[in-house]
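Participant: My structure file my_file.tsv, TSV, C-alpha atoms, is below:
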chain	number	residue	atom	x	y	z
U	1	MET	CA	0.00	0.00	0.00
U	2	SER	CA	2.77	2.42	0.91
U	3	ALA	CA	4.41	1.38	-2.37
U	4	THR	CA	2.00	3.75	-4.09
U	5	LEU	CA	2.89	6.69	-1.84
U	6	LYS	CA	6.03	7.78	-3.65
U	7	PRO	CA	4.58	7.60	-7.19
U	8	TYR	CA	1.40	9.29	-5.93
U	9	LEU	CA	3.30	12.22	-4.43
U	10	SER	CA	5.59	12.56	-7.44
U	11	ALA	CA	2.58	12.55	-9.81
U	12	VAL	CA	0.95	15.27	-7.70
U	13	ARG	CA	4.21	17.22	-7.64
U	14	HIS	CA	4.62	17.15	-11.44
U	15	THR	CA	0.99	18.12	-12.01
U	16	LEU	CA	1.27	20.99	-9.52
U	17	THR	CA	4.43	22.25	-11.23
U	18	ALA	CA	2.55	22.25	-14.54
U	19	ALA	CA	-0.60	23.88	-13.13
U	20	MET	CA	1.23	26.59	-11.19
U	21	CYS	CA	1.99	28.59	-14.33
U	22	LEU	CA	-0.09	31.62	-13.36
U	23	GLU	CA	-0.03	35.18	-14.67
U	24	ASN	CA	-1.76	38.38	-13.71
U	25	PHE	CA	-5.16	38.73	-15.38
U	26	SER	CA	-7.57	41.55	-14.53
U	27	SER	CA	-11.28	40.87	-14.46
U	28	GLN	CA	-12.93	41.09	-17.88
U	29	ASN	CA	-16.33	41.99	-16.47
U	30	VAL	CA	-15.52	44.65	-13.89
U	31	GLU	CA	-12.93	47.26	-14.66
U	32	ARG	CA	-10.07	47.82	-12.22
U	33	HIS	CA	-10.84	44.53	-10.47
U	34	ASN	CA	-8.55	41.53	-10.22
U	35	LYS	CA	-10.22	38.32	-9.11
U	36	PRO	CA	-9.04	34.71	-8.95
U	37	GLU	CA	-10.82	33.28	-11.97
U	38	ILE	CA	-11.10	29.77	-10.56
U	39	GLU	CA	-13.33	31.12	-7.79
U	40	VAL	CA	-15.33	33.59	-9.84
U	41	ARG	CA	-15.76	31.33	-12.91
U	42	SER	CA	-17.07	34.22	-14.98
U	43	SER	CA	-15.57	33.27	-18.36
U	44	LYS	CA	-15.23	29.75	-19.70
U	45	GLU	CA	-12.14	30.47	-21.76
U	46	LEU	CA	-10.08	31.30	-18.67
U	47	LEU	CA	-10.65	27.95	-16.97
U	48	LEU	CA	-8.41	24.99	-17.74
U	49	THR	CA	-9.17	21.28	-17.50
U	50	PRO	CA	-9.54	20.07	-13.90
U	51	VAL	CA	-7.65	16.84	-13.21
U	52	ILE	CA	-7.87	14.24	-10.47
U	53	ILE	CA	-4.99	12.10	-9.21
U	54	SER	CA	-6.08	9.20	-7.07
U	55	ARG	CA	-4.05	6.79	-4.97
U	56	ASN	CA	-7.04	4.55	-4.23
U	57	GLU	CA	-10.78	4.98	-3.84
U	58	LYS	CA	-10.42	6.99	-0.62
U	59	GLU	CA	-7.42	9.22	-1.24
U	60	LYS	CA	-7.35	11.66	-4.13
U	61	VAL	CA	-6.33	15.16	-5.11
U	62	LEU	CA	-8.35	17.49	-7.37
U	63	ILE	CA	-6.38	20.20	-9.17
U	64	GLU	CA	-8.38	22.94	-10.90
U	65	PRO	CA	-6.19	25.40	-12.80
U	66	SER	CA	-7.14	28.66	-14.44
U	67	VAL	CA	-5.23	31.55	-15.96
U	68	ASN	CA	-4.42	33.43	-12.77
U	69	SER	CA	-5.25	31.00	-9.95
U	70	MET	CA	-5.49	27.34	-9.09
U	71	ARG	CA	-7.28	25.26	-6.50
U	72	ILE	CA	-5.95	22.05	-4.94
U	73	SER	CA	-8.41	19.95	-2.95
U	74	ILE	CA	-7.17	16.97	-0.94
U	75	SER	CA	-9.21	14.03	0.26
U	76	ILE	CA	-7.45	12.46	3.27
U	77	LYS	CA	-7.48	8.78	4.20
U	78	GLN	CA	-9.90	8.18	7.08
U	79	ALA	CA	-10.05	4.54	8.02
U	80	ASP	CA	-12.45	4.58	10.98
U	81	GLU	CA	-14.80	6.78	13.00
U	82	ILE	CA	-12.17	8.24	15.30
U	83	GLU	CA	-9.90	9.19	12.38
U	84	LYS	CA	-12.86	10.88	10.71
U	85	ILE	CA	-13.52	12.99	13.81
U	86	LEU	CA	-9.84	13.81	14.31
U	87	CYS	CA	-9.39	14.76	10.65
U	88	HIS	CA	-12.48	16.94	10.65
U	89	LYS	CA	-11.41	18.79	13.80
U	90	PHE	CA	-7.81	19.19	12.67
U	91	MET	CA	-8.84	20.58	9.28
U	92	ARG	CA	-11.34	22.92	10.93
U	93	PHE	CA	-8.60	24.17	13.27
U	94	MET	CA	-6.39	25.03	10.31
U	95	MET	CA	-9.10	26.49	8.11
U	96	MET	CA	-10.15	28.89	10.88
U	97	ARG	CA	-6.59	30.25	10.73
U	98	ALA	CA	-6.50	30.37	6.94
U	99	GLU	CA	-5.41	34.01	6.89
U	100	ASN	CA	-2.08	33.11	8.45
U	101	PHE	CA	-1.56	30.28	6.00
U	102	LEU	CA	-2.04	32.63	3.01
U	103	VAL	CA	-2.73	29.83	0.53
U	104	LEU	CA	-5.40	27.95	2.49
U	105	ARG	CA	-9.09	28.19	1.59
U	106	ARG	CA	-11.60	28.69	4.41
U	107	LYS	CA	-13.98	26.08	3.09
U	108	PRO	CA	-13.05	22.82	1.38
U	109	ILE	CA	-14.58	21.93	-1.97
U	110	GLU	CA	-17.52	19.49	-1.87
U	111	GLY	CA	-16.31	15.94	-1.43
U	112	TYR	CA	-12.85	16.87	-0.16
U	113	ASP	CA	-11.36	17.58	3.26
U	114	ILE	CA	-9.20	20.64	2.66
U	115	SER	CA	-8.54	23.05	-0.20
U	116	PHE	CA	-5.76	25.44	-1.14
U	117	LEU	CA	-6.17	28.49	-3.35
U	118	ILE	CA	-2.97	29.73	-5.00
U	119	THR	CA	-3.08	32.93	-7.05
U	120	ASN	CA	-0.56	34.67	-9.28
U	121	PHE	CA	0.19	37.07	-6.43
U	122	HIS	CA	1.35	34.14	-4.30
U	123	THR	CA	3.58	32.83	-7.06
U	124	GLU	CA	5.02	36.30	-7.54
U	125	ALA	CA	5.82	36.70	-3.85
U	126	MET	CA	6.98	33.12	-3.16
U	127	TYR	CA	9.04	30.54	-4.99
U	128	LYS	CA	6.87	28.19	-7.11
U	129	HIS	CA	8.92	25.12	-6.28
U	130	LYS	CA	8.68	25.96	-2.59
U	131	LEU	CA	4.90	26.24	-2.82
U	132	VAL	CA	4.78	22.82	-4.44
U	133	ASP	CA	7.13	21.47	-1.74
U	134	PHE	CA	4.82	22.89	0.91
U	135	VAL	CA	1.72	21.16	-0.47
U	136	ILE	CA	3.50	17.82	-0.85
U	137	HIS	CA	5.00	18.10	2.67
U	138	PHE	CA	1.53	18.91	3.99
U	139	MET	CA	0.09	15.78	2.39
U	140	GLU	CA	2.85	13.62	3.88
U	141	GLU	CA	2.61	15.09	7.38
U	142	ILE	CA	-1.19	15.01	7.71
U	143	ASP	CA	-1.38	11.22	7.72
U	144	LYS	CA	1.41	10.98	10.32
U	145	GLU	CA	-0.16	13.58	12.58
U	146	ILE	CA	-3.59	11.98	12.50
U	147	SER	CA	-2.10	8.58	13.44
U	148	GLU	CA	-0.19	10.19	16.29
U	149	MET	CA	-3.34	11.91	17.57
U	150	LYS	CA	-5.24	8.63	17.42
U	151	LEU	CA	-2.58	6.91	19.55
U	152	ALA	CA	-2.68	9.81	22.02
U	153	VAL	CA	-6.47	9.56	22.31
U	154	ASN	CA	-6.32	5.82	23.04
U	155	ALA	CA	-3.53	6.25	25.60
U	156	ARG	CA	-5.44	9.00	27.40
U	157	ALA	CA	-8.63	6.94	27.44
U	158	ARG	CA	-6.78	4.04	29.08
U	159	ILE	CA	-5.05	6.21	31.69
U	160	SER	CA	-8.20	8.10	32.64
U	161	ALA	CA	-10.14	4.84	32.96
U	162	GLU	CA	-7.43	3.46	35.28
U	163	GLU	CA	-7.42	6.55	37.49
U	164	PHE	CA	-11.20	6.63	37.65
U	165	LEU	CA	-11.49	3.00	38.69
U	166	LYS	CA	-8.74	3.21	41.30
U	167	ARG	CA	-11.39	4.88	43.43
U	168	VAL	CA	-13.73	1.93	43.12
U	169	SER	CA	-13.13	-0.76	45.80
U	170	ILE	CA	-14.79	-3.82	44.20
U	171	GLY	CA	-12.37	-6.18	42.39
U	172	TYR	CA	-10.15	-3.26	41.39
U	173	ALA	CA	-7.87	-5.04	38.93
U	174	VAL	CA	-10.71	-6.89	37.24
U	175	ALA	CA	-12.73	-3.71	36.92
U	176	VAL	CA	-9.82	-1.71	35.49
U	177	ASN	CA	-9.12	-4.32	32.86
U	178	ALA	CA	-12.78	-4.65	31.96
U	179	MET	CA	-13.13	-0.88	31.58
U	180	ALA	CA	-9.95	-0.58	29.51
U	181	GLU	CA	-11.11	-3.35	27.21
U	182	PHE	CA	-14.52	-1.70	26.85
U	183	LEU	CA	-13.01	1.66	25.96
U	184	LYS	CA	-10.60	0.10	23.48
U	185	ALA	CA	-13.50	-1.63	21.80
U	186	ARG	CA	-15.44	1.68	21.62
U	187	PHE	CA	-12.59	3.41	19.77
E	1	MET	CA	-49.37	54.73	-19.00
E	2	SER	CA	-49.32	51.43	-20.87
E	3	ILE	CA	-49.04	48.06	-19.12
E	4	ALA	CA	-45.60	47.28	-20.59
E	5	THR	CA	-43.78	49.82	-18.39
E	6	THR	CA	-44.74	48.04	-15.15
E	7	SER	CA	-43.04	44.82	-16.19
E	8	THR	CA	-39.47	44.41	-14.94
E	9	LYS	CA	-38.80	41.14	-16.77
E	10	PHE	CA	-36.23	42.89	-18.95
E	11	ARG	CA	-33.89	42.96	-15.96
E	12	SER	CA	-33.43	39.20	-16.06
E	13	VAL	CA	-32.43	39.11	-19.73
E	14	ASP	CA	-28.70	38.44	-20.14
E	15	VAL	CA	-27.71	40.99	-22.78
E	16	ASP	CA	-24.03	40.10	-22.46
E	17	GLN	CA	-24.53	36.91	-24.43
E	18	TYR	CA	-25.31	38.93	-27.54
E	19	ASN	CA	-22.06	40.87	-27.27
E	20	GLU	CA	-20.08	39.99	-30.38
E	21	ASP	CA	-16.79	39.92	-28.47
E	22	ASN	CA	-17.99	36.96	-26.43
E	23	TYR	CA	-15.92	33.79	-26.45
E	24	GLN	CA	-17.60	31.07	-28.49
E	25	ASP	CA	-16.30	27.64	-27.63
E	26	GLU	CA	-15.53	26.55	-31.18
E	27	GLN	CA	-16.59	22.97	-30.82
E	28	THR	CA	-18.05	22.03	-34.18
E	29	GLU	CA	-19.40	18.49	-34.08
E	30	ASP	CA	-16.46	16.58	-35.48
E	31	THR	CA	-17.57	13.00	-36.08
E	32	SER	CA	-14.51	12.10	-38.14
E	33	THR	CA	-12.62	11.06	-35.00
E	34	SER	CA	-15.23	8.81	-33.47
E	35	GLY	CA	-13.30	6.60	-31.11
E	36	PRO	CA	-11.15	3.49	-31.50
E	37	ASP	CA	-12.35	0.27	-33.08
E	38	GLU	CA	-13.49	-1.83	-30.10
E	39	ASN	CA	-13.65	-5.26	-31.71
E	40	GLN	CA	-10.15	-5.10	-33.12
E	41	VAL	CA	-8.72	-3.86	-29.81
E	42	ASN	CA	-10.46	-6.69	-27.95
E	43	GLN	CA	-9.07	-9.21	-30.42
E	44	LEU	CA	-5.52	-7.93	-29.96
E	45	LEU	CA	-5.92	-7.98	-26.17
E	46	ASN	CA	-7.14	-11.60	-26.23
E	47	MET	CA	-4.15	-12.55	-28.34
E	48	GLY	CA	-1.90	-10.93	-25.74
E	49	LYS	CA	-0.63	-8.22	-28.08
E	50	ASN	CA	-0.84	-5.40	-25.52
E	51	VAL	CA	1.37	-2.89	-27.32
E	52	GLU	CA	-0.54	-3.13	-30.61
E	53	ALA	CA	-3.85	-2.93	-28.75
E	54	LEU	CA	-2.63	0.26	-27.02
E	55	GLN	CA	-1.51	1.84	-30.30
E	56	LEU	CA	-4.85	1.07	-31.91
E	57	ALA	CA	-6.86	2.23	-28.91
E	58	LEU	CA	-5.10	5.61	-28.92
E	59	LYS	CA	-5.47	6.08	-32.68
E	60	ASN	CA	-8.81	7.91	-33.12
E	61	PRO	CA	-9.52	9.73	-29.87
E	62	PRO	CA	-13.06	11.15	-29.78
E	63	LEU	CA	-11.87	14.71	-29.11
E	64	GLY	CA	-14.35	16.53	-31.31
E	65	THR	CA	-17.66	14.88	-30.51
E	66	LYS	CA	-20.12	16.18	-27.92
E	67	ASN	CA	-21.59	12.70	-27.48
E	68	GLN	CA	-20.72	11.66	-23.91
E	69	ALA	CA	-21.49	7.97	-24.54
E	70	VAL	CA	-18.81	7.76	-27.25
E	71	LYS	CA	-16.27	9.32	-24.93
E	72	ASP	CA	-17.24	7.02	-22.03
E	73	ARG	CA	-16.85	3.94	-24.23
E	74	ALA	CA	-13.44	5.11	-25.41
E	75	ILE	CA	-12.28	5.79	-21.84
E	76	ALA	CA	-13.46	2.37	-20.62
E	77	LEU	CA	-11.69	0.66	-23.52
E	78	VAL	CA	-8.38	2.49	-23.07
E	79	THR	CA	-8.45	1.96	-19.28
E	80	ARG	CA	-8.89	-1.78	-19.87
E	81	VAL	CA	-5.95	-1.82	-22.24
E	82	LEU	CA	-3.76	0.15	-19.80
E	83	LEU	CA	-4.60	-2.14	-16.88
E	84	SER	CA	-3.77	-5.26	-18.90
E	85	PHE	CA	-0.07	-4.32	-18.88
E	86	LYS	CA	2.45	-5.50	-16.28
E	87	SER	CA	4.60	-2.81	-14.61
E	88	SER	CA	7.73	-4.02	-16.37
E	89	GLU	CA	6.21	-3.78	-19.85
E	90	ILE	CA	5.05	-0.18	-19.55
E	91	GLU	CA	8.32	1.58	-20.34
E	92	LYS	CA	8.78	-0.33	-23.58
E	93	ALA	CA	5.20	0.39	-24.65
E	94	VAL	CA	5.62	4.14	-24.01
E	95	GLY	CA	8.76	4.06	-26.14
E	96	THR	CA	6.85	2.88	-29.18
E	97	LEU	CA	4.45	5.85	-29.24
E	98	ASP	CA	5.03	9.15	-31.02
E	99	LYS	CA	4.60	12.62	-29.49
E	100	ASP	CA	0.91	13.23	-30.31
E	101	THR	CA	-0.12	9.76	-29.19
E	102	THR	CA	1.76	10.27	-25.90
E	103	ASP	CA	-0.28	13.42	-25.27
E	104	VAL	CA	-3.51	11.51	-25.88
E	105	LEU	CA	-2.28	8.75	-23.57
E	106	MET	CA	-1.64	11.28	-20.80
E	107	LYS	CA	-5.20	12.60	-21.19
E	108	TYR	CA	-6.57	9.08	-20.83
E	109	ILE	CA	-4.40	8.42	-17.76
E	110	TYR	CA	-5.89	11.42	-15.98
E	111	ARG	CA	-9.41	10.32	-16.96
E	112	GLY	CA	-8.58	6.88	-15.62
E	113	PHE	CA	-7.74	8.37	-12.23
E	114	GLU	CA	-11.28	9.70	-11.93
E	115	ASN	CA	-12.76	6.21	-11.64
E	116	PRO	CA	-10.49	4.26	-9.30
E	117	VAL	CA	-11.21	0.54	-8.99
E	118	ASP	CA	-9.27	-2.20	-7.19
E	119	GLY	CA	-5.60	-1.52	-7.71
E	120	SER	CA	-6.12	0.50	-10.88
E	121	SER	CA	-4.65	3.68	-9.43
E	122	GLY	CA	-1.36	2.02	-8.55
E	123	LEU	CA	-0.81	0.88	-12.13
E	124	LEU	CA	-2.00	4.20	-13.55
E	125	LEU	CA	0.54	5.96	-11.30
E	126	THR	CA	3.28	3.82	-12.85
E	127	TRP	CA	1.98	4.74	-16.32
E	128	HIS	CA	1.98	8.42	-15.34
E	129	GLU	CA	5.58	8.16	-14.13
E	130	LYS	CA	6.83	6.50	-17.32
E	131	VAL	CA	4.97	8.84	-19.66
E	132	PHE	CA	6.26	11.83	-17.70
E	133	ALA	CA	9.82	10.50	-17.93
E	134	SER	CA	9.40	10.26	-21.70
E	135	ALA	CA	7.41	13.43	-22.47
E	136	GLY	CA	8.18	15.84	-19.63
E	137	VAL	CA	6.13	18.55	-17.92
E	138	GLY	CA	4.91	19.74	-21.33
E	139	SER	CA	2.62	16.75	-21.71
E	140	ILE	CA	0.86	17.62	-18.45
E	141	VAL	CA	0.54	21.28	-19.49
E	142	ARG	CA	-1.01	20.16	-22.79
E	143	VAL	CA	-3.55	18.04	-20.90
E	144	LEU	CA	-4.53	21.04	-18.78
E	145	THR	CA	-4.72	23.60	-21.57
E	146	ASP	CA	-6.19	21.67	-24.51
E	147	ARG	CA	-9.86	22.59	-24.98
E	148	LYS	CA	-10.48	19.29	-26.81
E	149	ARG	CA	-10.97	17.01	-23.82
E	150	VAL	CA	-10.97	13.25	-24.27
Just give me the structure as structure tokens.
Facilitator:
Amino acid sequence: MSATLKPYLSAVRHTLTAAMCLENFSSQNVERHNKPEIEVRSSKELLLTPVIISRNEKEKVLIEPSVNSMRISISIKQADEIEKILCHKFMRFMMMRAENFLVLRRKPIEGYDISFLITNFHTEAMYKHKLVDFVIHFMEEIDKEISEMKLAVNARARISAEEFLKRVSIGYAVAVNAMAEFLKARF
Amino acid sequence: MSIATTSTKFRSVDVDQYNEDNYQDEQTEDTSTSGPDENQVNQLLNMGKNVEALQLALKNPPLGTKNQAVKDRAIALVTRVLLSFKSSEIEKAVGTLDKDTTDVLMKYIYRGFENPVDGSSGLLLTWHEKVFASAGVGSIVRVLTDRKRV
């Protein structure tokens, strides 16, 4: 399974490098305005072909380029309930601070977990290859962080169950084990 | 005053569409390229001649038609051909194609990613890698910018 990780990330990297060719383009409908065309979608000729790169049925990346902006939407692997909750909360945490991230979008695109919006102004102020590196690094780190958080949640559940049951006098050891097993089964 | 002045329906008319500067997507129905010959491709696949089947399947891409069913059939056919290869055979197959065919192949690879089935994405990723090694970033840019989508 992890054999597909490297080709997946390199395919995403090459496609991002190709899609990040952005140039300044003022709005054709409103004078003196400059809007990211992928968000406004006012003229068909300014939008390029959106492409999807999938690693399996659950994990995929949608890249939508246009003349002066591009959107990358990532769908993260969520194997069970607790990973779904953790992922949702983690993404929400980051999207609330989207202003500090500069390239993050406040709302993900339908069907995906998180979206980036990169405009020509970003590529003018920052190195293109570094932006691509950032997105790829993000994709790698997210999976690791969610696994770490899941382990932390399980460890905390076990410890708090132990402490709670230390106060109970009946068959202490039996009760602790039973509770720990029950909580493990829940998560 | 006459009744016509109380109607405000004129506000919902989109007058911008009649502007002569408007971009017309010049997609004239082009039925000359109407998709690869399915029976022949199937025959070649059954005989085990993957490379010939691939060359034939990429020959007449339905770029011009607006008929979605033709495009869907072509995509399903090409995806089947691509998945019939083993990882080791891919590089040789890519080597036999010329520049235009490689561009068409790249388009089909990206369409194949949109419908992932068991293990298909892994093989398609290998295809993507080999085609990229042969054709470079330009092939991806041509997939993104070409208005004639497969």
Participant: Please check the contacts: residues of chain U at most 7 Å away from chain E, using all atoms listed in the file, listed as number ranges by chain.
Facilitator: U: 4, 7-8, 11, 14-15, 18-19, 45, 48-49, 51-57
Participant: Now that the selection is made, can you save its residues with C-alpha atoms as a PDB file, keeping the file's coordinate frame?
Facilitator:
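What landed in selection-v2.pdb:
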ATOM      1  CA  THR U   4       2.000   3.750  -4.090  1.00  0.00           C
ATOM      2  CA  PRO U   7       4.580   7.600  -7.190  1.00  0.00           C
ATOM      3  CA  TYR U   8       1.400   9.290  -5.930  1.00  0.00           C
ATOM      4  CA  ALA U  11       2.580  12.550  -9.810  1.00  0.00           C
ATOM      5  CA  HIS U  14       4.620  17.150 -11.440  1.00  0.00           C
ATOM      6  CA  THR U  15       0.990  18.120 -12.010  1.00  0.00           C
ATOM      7  CA  ALA U  18       2.550  22.250 -14.540  1.00  0.00           C
ATOM      8  CA  ALA U  19      -0.600  23.880 -13.130  1.00  0.00           C
ATOM      9  CA  GLU U  45     -12.140  30.470 -21.760  1.00  0.00           C
ATOM     10  CA  LEU U  48      -8.410  24.990 -17.740  1.00  0.00           C
ATOM     11  CA  THR U  49      -9.170  21.280 -17.500  1.00  0.00           C
ATOM     12  CA  VAL U  51      -7.650  16.840 -13.210  1.00  0.00           C
ATOM     13  CA  ILE U  52      -7.870  14.240 -10.470  1.00  0.00           C
ATOM     14  CA  ILE U  53      -4.990  12.100  -9.210  1.00  0.00           C
ATOM     15  CA  SER U  54      -6.080   9.200  -7.070  1.00  0.00           C
ATOM     16  CA  ARG U  55      -4.050   6.790  -4.970  1.00  0.00           C
ATOM     17  CA  ASN U  56      -7.040   4.550  -4.230  1.00  0.00           C
ATOM     18  CA  GLU U  57     -10.780   4.980  -3.840  1.00  0.00           C
TER      19      GLU U  57
END
Participant: Go through E:Ser134, E:Asn60, E:Thr65, E:Gln40 and flag the residue nearest Lys99 of chain E, using all atoms listed in the file for the distances.
Facilitator: E:Ser134
Participant: Could you tell me how far atom CA of Ile109 of chain U sits from atom CA of Lys128 of chain U, in Å to one decimal place?
Facilitator: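 Those two atoms sit 22.9 Å apart.
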Participant: Under the rule that all atoms listed in the file are counted, which of U:Ile76, U:Ala185, U:Val174, U:Ala180 is the nearest residue to Glu141 of chain U?
Facilitator: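 Selected residue with least distance to Glu141 of chain U: U:Ile76.
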Participant: Give me the residues near Met179 of chain U as a PyMOL selection string, where near means some atom within 9 Å (using only C-alpha atoms) and where sequence neighbours in that chain fewer than 6 positions away do not count.
Facilitator: chain U and resi 158+161-162+165
Participant: Need to verify the contact set: Val78 of chain E, 9 Å, all atoms listed in the file, exclusion of same-chain residues closer than 2 positions in sequence. Can you return it as number ranges by chain?
Facilitator: E: 36, 54, 57-58, 73-76, 80-83, 105, 108-109, 112
Participant: Report, in Å to a single decimal, how far apart atom CA of Arg106 of chain U and atom CA of Leu86 of chain U are.
Facilitator: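 Between atom CA of Leu86 of chain U and atom CA of Arg106 of chain U the gap is 18.0 Å.
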Participant: Could you check how far atom CA of Ser69 of chain U sits from atom CA of Cys21 of chain U, in Å to one decimal?
Facilitator: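 That distance, rounded to one decimal, is 8.8 Å.
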Participant: Mind checking which residues fall within 9 Å of Leu9 of chain U, counting all atoms listed in the file, ignoring those fewer than 6 positions away in the same chain, and posting them as a VMD selection string?
Facilitator: chain U and resid 136 139 to 140
Participant: Compile the contact shell of Arg13 of chain U as a PyMOL selection string: residues with an atom at most 8 Å away, counting all atoms listed in the file, same-chain residues fewer than 3 positions apart removed.
Facilitator: chain U and resi 9-10+16-17+132-133+136
